[in-house]
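data-v1.txt (compact mmCIF, C-alpha atoms)
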# COMPACT_ATOMS: atom_id res chain seq x y z
CA MET Q 5 -10.93 -29.76 7.11
CA VAL Q 6 -12.75 -28.14 4.18
CA MET Q 7 -15.85 -26.15 5.10
CA ASP Q 8 -18.88 -26.31 2.88
CA LYS Q 9 -20.49 -23.12 1.58
CA GLN Q 10 -23.24 -23.13 4.19
CA ALA Q 11 -20.75 -23.52 7.05
CA GLN Q 12 -18.64 -20.68 5.63
CA LYS Q 13 -21.71 -18.46 5.41
CA HIS Q 14 -22.71 -19.31 8.96
CA LEU Q 15 -19.21 -18.65 10.29
CA PHE Q 16 -18.92 -15.38 8.39
CA GLU Q 17 -22.28 -14.05 9.56
CA GLY Q 18 -21.48 -15.07 13.13
CA MET Q 19 -18.13 -13.29 12.95
CA MET Q 20 -19.74 -10.14 11.61
CA GLU Q 21 -22.38 -10.10 14.30
CA GLN Q 22 -20.19 -10.93 17.28
CA HIS Q 23 -17.00 -9.12 16.28
CA LYS Q 24 -18.31 -6.17 14.27
CA GLY Q 25 -16.64 -3.89 16.81
CA ILE Q 26 -13.16 -5.02 15.73
CA LEU Q 27 -13.76 -3.94 12.15
CA TRP Q 28 -15.37 -0.69 13.26
CA LYS Q 29 -12.54 0.24 15.65
CA VAL Q 30 -9.82 -0.49 13.12
CA ALA Q 31 -11.66 1.39 10.37
CA ARG Q 32 -12.22 4.35 12.68
CA ALA Q 33 -8.54 4.49 13.66
CA TYR Q 34 -7.25 4.31 10.10
CA CYS Q 35 -9.90 6.19 8.20
CA PRO Q 36 -11.17 9.51 9.57
CA ASP Q 37 -13.40 10.19 6.56
CA GLU Q 38 -16.87 8.63 6.86
CA ASP Q 39 -17.30 7.80 3.14
CA ASP Q 40 -13.87 6.21 2.86
CA ARG Q 41 -14.52 4.37 6.11
CA GLN Q 42 -17.58 2.69 4.61
CA ASP Q 43 -15.44 1.62 1.62
CA LEU Q 44 -12.79 0.33 4.00
CA LEU Q 45 -15.35 -1.59 6.06
CA GLN Q 46 -16.75 -3.14 2.91
CA GLU Q 47 -13.26 -4.12 1.76
CA MET Q 48 -12.56 -5.70 5.15
CA MET Q 49 -15.79 -7.70 4.99
CA ILE Q 50 -15.06 -8.88 1.45
CA GLN Q 51 -11.54 -9.95 2.42
CA ILE Q 52 -12.90 -11.81 5.45
CA TRP Q 53 -15.49 -13.56 3.29
CA GLN Q 54 -12.86 -14.48 0.71
CA SER Q 55 -10.59 -15.88 3.44
CA VAL Q 56 -13.19 -17.53 5.67
CA HIS Q 57 -12.58 -20.94 4.08
CA LYS Q 58 -8.98 -20.70 5.31
CA TYR Q 59 -9.99 -20.00 8.91
CA ASN Q 60 -8.17 -22.29 11.27
CA HIS Q 61 -9.79 -23.01 14.62
CA GLN Q 62 -6.40 -22.97 16.34
CA TYR Q 63 -6.65 -19.16 16.17
CA LYS Q 64 -8.93 -17.05 18.29
CA ILE Q 65 -11.48 -15.46 15.96
CA SER Q 66 -10.58 -12.00 17.28
CA THR Q 67 -6.86 -12.53 16.52
CA TRP Q 68 -7.69 -13.68 13.00
CA LEU Q 69 -10.06 -10.77 12.40
CA TYR Q 70 -7.56 -8.24 13.74
CA ARG Q 71 -4.96 -9.58 11.32
CA ILE Q 72 -7.25 -9.20 8.31
CA SER Q 73 -8.78 -5.88 9.27
CA LEU Q 74 -5.42 -4.31 10.16
CA ASN Q 75 -3.79 -5.66 7.00
CA VAL Q 76 -6.63 -4.29 4.87
CA ALA Q 77 -6.63 -0.94 6.67
CA ILE Q 78 -2.87 -0.48 6.40
CA SER Q 79 -2.91 -1.49 2.72
CA PHE Q 80 -5.90 0.70 1.90
CA TYR Q 81 -3.59 3.38 0.49
CA ARG Q 82 -3.05 1.15 -2.58
CA LYS Q 83 -6.74 1.34 -3.52
CA SER Q 84 -6.89 5.00 -4.36
CA ALA Q 85 -4.22 7.63 -4.49
CA ALA Q 86 -6.93 10.31 -4.46
CA ARG Q 87 -7.81 9.44 -0.88
CA ALA Q 88 -4.58 10.95 0.38
CA GLY Q 89 -5.74 14.47 -0.36
CA LYS Q 90 -9.11 13.96 1.34
CA HIS Q 91 -7.49 12.62 4.47
CA ALA Q 92 -5.16 15.56 4.70
CA VAL Q 93 -8.15 17.90 4.77
CA LEU Q 94 -9.86 15.79 7.40
CA THR Q 95 -6.84 15.69 9.69
CA GLU Q 96 -6.81 19.46 9.62
CA GLN Q 97 -10.49 19.54 10.56
CA LEU Q 98 -9.86 17.09 13.38
CA MET Q 99 -7.22 19.35 14.78
CA GLU Q 100 -9.61 22.27 14.81
CA ILE Q 101 -12.14 20.68 17.15
CA PRO Q 102 -12.47 23.11 20.05
CA VAL Q 103 -11.64 21.07 23.14
CA GLU Q 104 -12.53 23.77 25.68
CA ASP Q 105 -16.25 23.10 25.53
CA LYS Q 106 -15.98 19.44 26.41
CA SER Q 107 -15.83 17.67 29.73
CA GLU Q 108 -12.42 16.68 31.03
CA LYS Q 109 -12.95 13.03 30.03
CA GLU Q 110 -14.13 13.87 26.54
CA ARG Q 111 -11.24 16.26 26.16
CA GLN Q 112 -8.78 13.54 27.09
CA LEU Q 113 -10.47 11.09 24.77
CA THR Q 114 -10.25 13.58 21.90
CA LEU Q 115 -6.59 14.06 22.69
CA LEU Q 116 -6.04 10.31 22.76
CA GLU Q 117 -7.81 9.87 19.41
CA GLN Q 118 -5.76 12.68 17.94
CA PHE Q 119 -2.59 11.10 19.31
CA ILE Q 120 -3.54 7.76 17.70
CA SER Q 121 -4.34 9.42 14.36
CA GLU Q 122 -0.84 10.91 14.27
CA LEU Q 123 0.92 7.57 14.85
CA LYS Q 124 2.54 5.69 11.99
CA GLU Q 125 0.58 2.71 10.64
CA ILE Q 126 2.21 -0.11 12.59
CA ASP Q 127 2.50 1.93 15.80
CA LYS Q 128 -1.19 2.72 15.39
CA ALA Q 129 -2.02 -1.00 15.22
CA LEU Q 130 0.06 -1.59 18.33
CA MET Q 131 -1.60 1.24 20.25
CA LEU Q 132 -5.07 0.08 19.22
CA LEU Q 133 -4.40 -3.46 20.46
CA TYR Q 134 -2.83 -2.15 23.65
CA LEU Q 135 -5.88 0.01 24.40
CA GLU Q 136 -8.09 -3.00 23.72
CA ASP Q 137 -6.21 -4.68 26.58
CA LYS Q 138 -4.82 -7.46 24.45
CA SER Q 139 -1.99 -9.41 26.05
CA HIS Q 140 1.54 -8.86 24.75
CA ALA Q 141 1.51 -12.44 23.47
CA GLU Q 142 -1.67 -11.86 21.44
CA ILE Q 143 -0.37 -8.55 20.09
CA ALA Q 144 2.85 -10.32 19.09
CA ASP Q 145 0.80 -12.99 17.31
CA ILE Q 146 -1.32 -10.46 15.42
CA LEU Q 147 1.60 -8.27 14.38
CA GLY Q 148 4.17 -11.02 13.87
CA MET Q 149 6.87 -9.83 16.24
CA SER Q 150 8.45 -11.02 19.47
CA VAL Q 151 6.74 -10.47 22.83
CA SER Q 152 9.76 -8.53 24.12
CA ASN Q 153 9.65 -6.26 21.09
CA VAL Q 154 5.96 -5.61 21.75
CA GLY Q 155 6.83 -4.56 25.30
CA THR Q 156 9.62 -2.23 24.16
CA ARG Q 157 7.47 -0.64 21.47
CA ILE Q 158 4.48 -0.12 23.74
CA GLY Q 159 6.77 1.45 26.31
CA ARG Q 160 8.01 3.97 23.74
CA ILE Q 161 4.50 4.88 22.60
CA LYS Q 162 3.35 5.25 26.20
CA ASP Q 163 6.24 7.63 26.86
CA LYS Q 164 5.14 9.76 23.92
CA LEU Q 165 1.56 9.67 25.16
CA LYS Q 166 2.60 10.74 28.67
CA GLU Q 167 4.56 13.60 27.18
CA ARG Q 168 1.51 14.70 25.20
CA PHE Q 169 -0.75 14.63 28.24
CA SER Q 170 1.79 16.44 30.41
CA GLN Q 171 1.97 19.18 27.74
CA LEU Q 172 -1.78 19.53 28.06
CA LYS Q 173 -1.59 19.96 31.82
CA SER Q 174 1.20 22.55 31.69
CA MET W 25 -5.23 10.64 34.32
CA ASN W 26 -3.04 7.53 34.45
CA GLU W 27 -2.83 4.94 31.69
CA LEU W 28 -5.21 2.54 33.39
CA GLU W 29 -7.88 5.21 33.58
CA LEU W 30 -7.18 6.11 29.99
CA LYS W 31 -7.60 2.49 28.90
CA LYS W 32 -10.86 2.26 30.80
CA LEU W 33 -12.12 5.48 29.23
CA TRP W 34 -11.18 4.21 25.77
CA GLN W 35 -12.81 0.83 26.26
CA ALA W 36 -15.98 2.31 27.75
CA THR W 37 -16.39 4.67 24.80
CA GLN W 38 -15.60 1.99 22.25
CA ASP W 39 -17.98 -0.50 23.91
CA LYS W 40 -20.74 2.10 23.85
CA LEU W 41 -20.12 2.72 20.16
CA GLU W 42 -19.97 -1.01 19.49
CA GLU W 43 -23.34 -1.58 21.16
CA SER W 44 -24.96 0.93 18.87
CA LEU W 45 -23.48 -0.69 15.75
CA VAL W 46 -25.92 -2.48 13.52
CA VAL W 47 -24.67 -4.82 10.84
CA ASN W 48 -26.64 -4.45 7.66
CA LYS W 49 -27.88 -8.03 7.13
CA LYS W 50 -28.65 -7.46 3.47
CA HIS W 51 -25.14 -6.23 2.89
CA THR W 52 -23.67 -9.28 4.63
CA GLU W 53 -25.94 -11.52 2.54
CA ASP W 54 -24.78 -9.77 -0.64
CA ILE W 55 -21.15 -10.35 0.26
CA THR W 56 -21.73 -14.06 0.84
CA ARG W 57 -23.19 -14.28 -2.67
CA MET W 58 -20.00 -12.87 -4.14
CA LYS W 59 -17.85 -15.29 -6.02
CA VAL W 60 -14.23 -15.53 -4.94
CA HIS W 61 -12.38 -13.03 -7.08
CA ASN W 62 -9.86 -14.21 -9.59
CA LEU W 63 -6.90 -12.00 -10.48
CA VAL W 64 -8.59 -10.19 -13.38
CA GLY W 65 -11.80 -9.73 -11.39
CA SER W 66 -9.90 -8.06 -8.58
CA MET W 67 -8.09 -5.63 -10.91
CA LYS W 68 -9.20 -2.05 -11.50
CA PRO W 69 -10.13 -1.26 -15.14
CA VAL W 70 -7.24 1.18 -15.45
CA LYS W 71 -4.78 -1.58 -14.56
CA ILE W 72 -6.34 -3.97 -17.07
CA PHE W 73 -6.19 -1.21 -19.70
CA THR W 74 -2.52 -0.44 -18.93
CA LEU W 75 -1.65 -4.10 -19.13
CA LEU W 76 -3.54 -4.59 -22.42
CA VAL W 77 -1.89 -1.55 -24.02
CA GLY W 78 1.53 -2.80 -22.89
CA LEU W 79 0.89 -6.33 -24.16
CA LEU W 80 -0.47 -5.04 -27.49
CA TRP W 81 2.50 -2.70 -27.96
CA VAL W 82 4.98 -5.47 -27.24
CA GLY W 83 3.01 -8.06 -29.24
CA ILE W 84 2.53 -5.97 -32.37
CA GLY W 85 6.01 -4.44 -32.11
CA GLY W 86 7.57 -7.85 -31.58
CA ILE W 87 5.80 -9.41 -34.60
CA ALA W 88 6.61 -6.44 -36.86
CA LEU W 89 10.27 -6.36 -35.88
CA SER W 90 10.66 -10.15 -36.15
CA SER W 91 9.28 -9.94 -39.66
CA VAL W 92 11.85 -7.26 -40.58
CA TYR W 93 14.69 -9.35 -39.10
CA VAL W 94 13.57 -12.44 -41.02
CA ASN W 95 12.47 -10.96 -44.35
CA SER W 96 14.14 -7.63 -45.01
CA PHE W 97 17.04 -7.20 -42.62
CA SER W 98 19.57 -6.16 -45.27
CA GLY W 99 17.41 -3.35 -46.63
CA ALA W 100 16.17 -2.06 -43.29
CA ASN W 101 17.31 1.13 -41.60
CA LYS W 102 19.51 -0.36 -38.88
CA PHE W 103 19.25 2.70 -36.63
CA PHE W 104 15.47 2.42 -36.60
CA LEU W 105 15.52 -1.36 -36.31
CA PHE W 106 17.93 -1.53 -33.37
CA SER W 107 16.31 1.45 -31.59
CA ALA W 108 12.85 -0.09 -31.95
CA SER W 109 14.14 -3.50 -30.83
CA ILE W 110 15.67 -2.04 -27.66
CA GLN W 111 12.48 -0.08 -26.99
CA VAL W 112 10.21 -3.12 -27.41
CA LEU W 113 12.55 -5.31 -25.35
CA LEU W 114 12.63 -2.82 -22.46
CA THR W 115 8.84 -2.38 -22.63
CA ALA W 116 8.42 -6.17 -22.58
CA MET W 117 10.57 -6.34 -19.45
CA ALA W 118 8.51 -3.55 -17.81
CA VAL W 119 5.24 -5.34 -18.70
CA PHE W 120 6.64 -8.56 -17.27
CA VAL W 121 7.58 -6.83 -13.98
CA TYR W 122 4.11 -5.20 -13.84
CA LEU W 123 2.38 -8.53 -14.41
CA TYR W 124 4.60 -10.22 -11.83
CA GLN W 125 3.73 -7.45 -9.35
CA LEU W 126 -0.02 -7.79 -9.96
CA ILE W 127 0.00 -11.58 -9.64
CA THR W 128 2.18 -11.75 -6.53
CA ILE W 129 0.33 -8.94 -4.72
CA TYR W 130 -2.90 -10.81 -5.45
CA GLN W 131 -1.41 -13.96 -3.92
CA VAL W 132 -0.30 -12.35 -0.64
CA ASP W 133 -2.15 -13.94 2.27
CA ILE W 134 -4.04 -11.19 4.10
CA THR W 135 -4.52 -13.46 7.13
CA ASP W 136 -0.77 -13.55 7.88
CA PRO W 137 0.70 -11.39 10.67
CA ILE W 138 0.78 -7.67 9.91
CA ILE W 139 4.53 -7.10 9.65
CA ARG W 140 5.12 -10.06 7.32
CA THR W 141 2.17 -9.15 5.08
CA GLN W 142 2.99 -5.46 4.92
CA GLU W 143 6.64 -6.20 4.16
CA LYS W 144 5.62 -8.44 1.26
CA LEU W 145 3.07 -5.97 -0.09
CA ALA W 146 5.34 -2.95 0.22
CA SER W 147 8.31 -4.77 -1.34
CA LEU W 148 6.16 -5.90 -4.25
CA LYS W 149 4.71 -2.46 -4.74
CA MET W 150 8.26 -1.16 -4.89
CA SER W 151 8.88 -3.19 -8.03
CA THR W 152 7.17 -0.15 -9.59
CA LEU W 153 10.62 1.43 -9.24
CA TRP W 154 12.01 -1.25 -11.57
CA ILE W 155 9.28 -0.44 -14.11
CA THR W 156 10.11 3.27 -13.91
CA ARG W 157 13.83 2.58 -14.30
CA LEU W 158 13.22 0.36 -17.32
CA LEU W 159 11.01 2.97 -18.95
CA PHE W 160 13.57 5.73 -18.34
CA LEU W 161 16.25 3.48 -19.83
CA GLN W 162 14.43 3.81 -23.15
CA LEU W 163 15.14 7.54 -23.32
CA PRO W 164 18.24 7.40 -25.60
CA VAL W 165 16.61 5.19 -28.26
CA TRP W 166 13.85 7.77 -28.74
CA THR W 167 16.61 10.07 -30.05
CA THR W 168 18.07 7.54 -32.49
CA PHE W 169 14.93 6.23 -34.24
CA TRP W 170 15.17 8.70 -37.06
CA TRP W 171 18.90 8.35 -37.71
CA ASN W 172 19.84 6.94 -41.12
CA GLU W 173 22.87 6.10 -43.17
CA THR W 174 22.79 9.35 -45.20
CA MET W 175 23.65 11.32 -42.06
CA LEU W 176 27.10 9.74 -42.16
CA THR W 177 27.85 11.42 -45.49
CA ASP W 178 25.52 14.44 -45.62
CA TRP W 179 25.52 15.95 -42.14
CA ASN W 180 27.65 18.93 -41.17
CA ILE W 181 29.34 19.32 -37.81
CA GLY W 182 26.48 21.45 -36.41
CA GLN W 183 23.87 18.78 -37.09
CA TRP W 184 26.11 16.15 -35.55
CA ALA W 185 26.68 18.29 -32.50
CA VAL W 186 22.92 18.71 -31.91
CA ALA W 187 22.14 15.01 -32.46
CA LEU W 188 25.00 13.81 -30.27
CA PHE W 189 24.13 16.34 -27.57
CA PHE W 190 20.58 15.00 -27.26
CA THR W 191 21.53 11.33 -27.51
CA GLY W 192 24.46 11.78 -25.14
CA SER W 193 22.55 13.72 -22.51
CA PHE W 194 19.55 11.36 -22.69
CA SER W 195 21.93 8.42 -22.28
CA VAL W 196 23.61 9.98 -19.26
CA ILE W 197 20.22 10.78 -17.66
CA ALA W 198 18.88 7.26 -18.35
CA ILE W 199 21.96 5.52 -16.94
CA TRP W 200 22.12 7.84 -13.94
CA LEU W 201 18.44 7.22 -13.16
CA TRP W 202 18.93 3.47 -13.62
CA PHE W 203 21.51 3.44 -10.85
CA ASN W 204 19.92 6.08 -8.62
CA LEU W 205 16.15 5.49 -8.70
CA THR W 206 16.40 3.27 -5.64
CA TYR W 207 14.68 2.90 -2.29
CA GLU W 208 17.83 4.22 -0.57
CA ASN W 209 17.44 7.58 -2.33
CA ARG W 210 13.75 7.97 -1.42
CA ASN W 211 14.36 10.97 0.84
CA LYS W 212 16.38 12.95 -1.70
CA LYS W 213 14.71 16.06 -3.10
CA TRP W 214 15.19 15.12 -6.77
CA PHE W 215 13.62 11.71 -6.09
CA GLN W 216 10.57 13.23 -4.46
CA ARG W 217 10.28 15.72 -7.31
CA ILE W 218 10.11 12.88 -9.88
CA PHE W 219 7.45 11.09 -7.83
CA SER W 220 5.50 14.16 -6.76
CA GLY W 221 2.10 13.42 -8.40
CA LYS W 222 -0.86 11.81 -6.62
CA GLU W 223 -0.54 8.74 -8.82
CA TRP W 224 2.77 8.00 -7.09
CA THR W 225 1.30 8.17 -3.57
CA PRO W 226 0.94 4.35 -3.27
CA LEU W 227 4.61 3.88 -4.20
CA LEU W 228 5.84 6.52 -1.73
CA LYS W 229 3.54 5.13 0.94
CA SER W 230 4.98 1.65 0.32
CA MET W 231 8.46 3.02 0.90
CA GLU W 232 7.36 4.67 4.11
CA LEU W 233 5.77 1.40 5.27
CA LEU W 234 8.84 -0.60 4.37
CA ALA W 235 10.93 1.81 6.44
CA GLN W 236 8.55 1.22 9.38
CA VAL W 237 8.78 -2.57 8.91
CA GLU W 238 12.59 -2.35 8.78
CA ASP W 239 12.53 -0.26 11.93
CA TYR W 240 10.42 -2.91 13.67
CA LYS W 241 12.61 -5.74 12.40
CA GLY W 242 15.74 -3.85 13.45
CA GLN W 243 14.29 -3.51 16.92
CA HIS W 244 13.50 -7.22 16.83
CA ALA W 245 17.07 -8.08 15.90
CA GLY W 246 18.39 -5.90 18.66
CA ALA W 247 15.92 -7.22 21.22

Structure rendered as structure tokens:
Amino acid sequence: MVMDKQAQKHLFEGMMEQHKGILWKVARAYCPDEDDRQDLLQEMMIQIWQSVHKYNHQYKISTWLYRISLNVAISFYRKSAARAGKHAVLTEQLMEIPVEDKSEKERQLTLLEQFISELKEIDKALMLLYLEDKSHAEIADILGMSVSNVGTRIGRIKDKLKERFSQLKS
Amino acid sequence: MNELELKKLWQATQDKLEESLVVNKKHTEDITRMKVHNLVGSMKPVKIFTLLVGLLWVGIGGIALSSVYVNSFSGANKFFLFSASIQVLLTAMAVFVYLYQLITIYQVDITDPIIRTQEKLASLKMSTLWITRLLFLQLPVWTTFWWNETMLTDWNIGQWAVALFFTGSFSVIAIWLWFNLTYENRNKKWFQRIFSGKEWTPLLKSMELLAQVEDYKGQHAGA
């Protein structure tokens, strides 16, 4: 069924209002720099608008939005080679945050965010969806892999995470 | 802290952040007024410029050389003519690959699952390697443009040695790069030295992503 312009606009604005958190979380995970993050968010919104006519109601809106936002975030490196240098500086700054002054929970959250930022692109997507409590089936649908593979991969990342947290304790 | 507690902590923090998010209505309105981009509209000016320069070079070169072949072939300097023809032909092939890359990347469906989309995008981006190989393959003809028939009678052995040294070594380098500038060699030092500038970051990143995709697909096959 072809949507008219007004229906597309309505759907798009509804998506942005109700699911803005998806875009924000993905952008935050993939783009530590605030200025670049705004560019990334804008690019995500443009891609969603340009694809909204293709939206198929058989998909959950969140699944569809995760696909677009993750694809845009992972591909963002193609937009500007200059960004690579800026990110390298920012990662260094992130590592220098003094964790001693924070509460135990904040400290663990900082460690978790740092752990996520160090993951490779597809592992990062997997970890993000896992932390969002998505089912293995939905993660498999978003990423395009088998449910068993999702389980295996999450298991591996969790092992790494445990190792990181046990290093902190010792 | 166990993983359940960690998940809860993550979600609580993210939910708090999400609540404080405000979508800029004007911005959303502006986006909905945007026309759907066509290929040219989605291209950066530098890409359009590169493509135009390439097309002009091939177009003008092609017309000029065709005219020599048709009208004055017998009187033309064959060394120049054949060198220029090879150069224009290889540039035309590189422009064609570049155009193919731009069009097919533009057509990739961003709403498809991540692994499929990223595999397509990274593979297409890697066609840049083909462009680089084609451009390196031109190296030897840049040393033969200025050759002419008088060199066959007038040159001494020293001049021949210098000319053949450059043409020979450029040919060896070009052929070696043609066979070795491949994805499989991406971790070799010499490869990374060639692609060390910032402008190559997208290509190197594509290779890294493709390796990740292959790793995931390998896992899938084994699962």

Exercise for the section: Up to 6 Å from chain Q, what residues of chain W turn up? Count all atoms listed in the file and give them as a PyMOL selection string. Expected result: chain W and resi 31+42+60+134-135+137-139+222-223+225-226+244

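Here CA of Asp136 in chain W and CA of Val30 in chain Q stand 16.7 Å from one another.
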
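Take CA of Phe119 in chain Q and CA of Lys164 in chain Q: the distance between them is 9.1 Å.
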
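We find CA of Glu173 in chain W and CA of Ile84 in chain W to be spaced 26.0 Å apart.
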
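Once Ile197 in chain W and its same-chain neighbours fewer than 2 positions away are set aside, W:Phe160, W:Leu161, W:Leu163, W:Pro164, W:Gly192, W:Ser193, W:Phe194, W:Ser195, W:Ile199, W:Trp200, W:Leu201, W:Trp202 remain within 9 Å of it when counting only C-alpha atoms.
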
Would you compute, for all listed atoms of range 133-138 of chain Q, the axis-aligned bounding box grown by 6 Å on each side, and then report its centre and edge lengths in Å rounded to one decimal, as lines of an AutoDock Vina configuration file?
center_x = -5.5
center_y = -3.7
center_z = 23.5
size_x = 17.3
size_y = 19.5
size_z = 18.1

Problem - Close residues, Trp184 in chain W itself excluded, 9 Å, only C-alpha atoms, min 5 positions apart in chain, as a ChimeraX atom specification - result: /W:175,179,189

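Neighbouring residues of Tyr122 in chain W at 8 Å or closer, counting only C-alpha atoms and skipping chain neighbours under 4 positions away, are Leu75, Ala118, Leu126, Ser151, Thr152 and Ile155 of chain W.
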
Exercise for the section: Compile the contact shell of Val119 in chain W as a list in words: residues with an atom at most 8 Å away, counting all atoms listed in the file, same-chain residues fewer than 2 positions apart removed. Expected result: Leu75, Gly78, Leu79, Thr115, Ala116, Met117, Val121, Tyr122, Leu123 and Ile155 of chain W

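Closest approach to Lys144 in chain W among W:Ser98, W:Gln125, W:Thr177, W:Asn26: W:Gln125, based on all atoms listed in the file.
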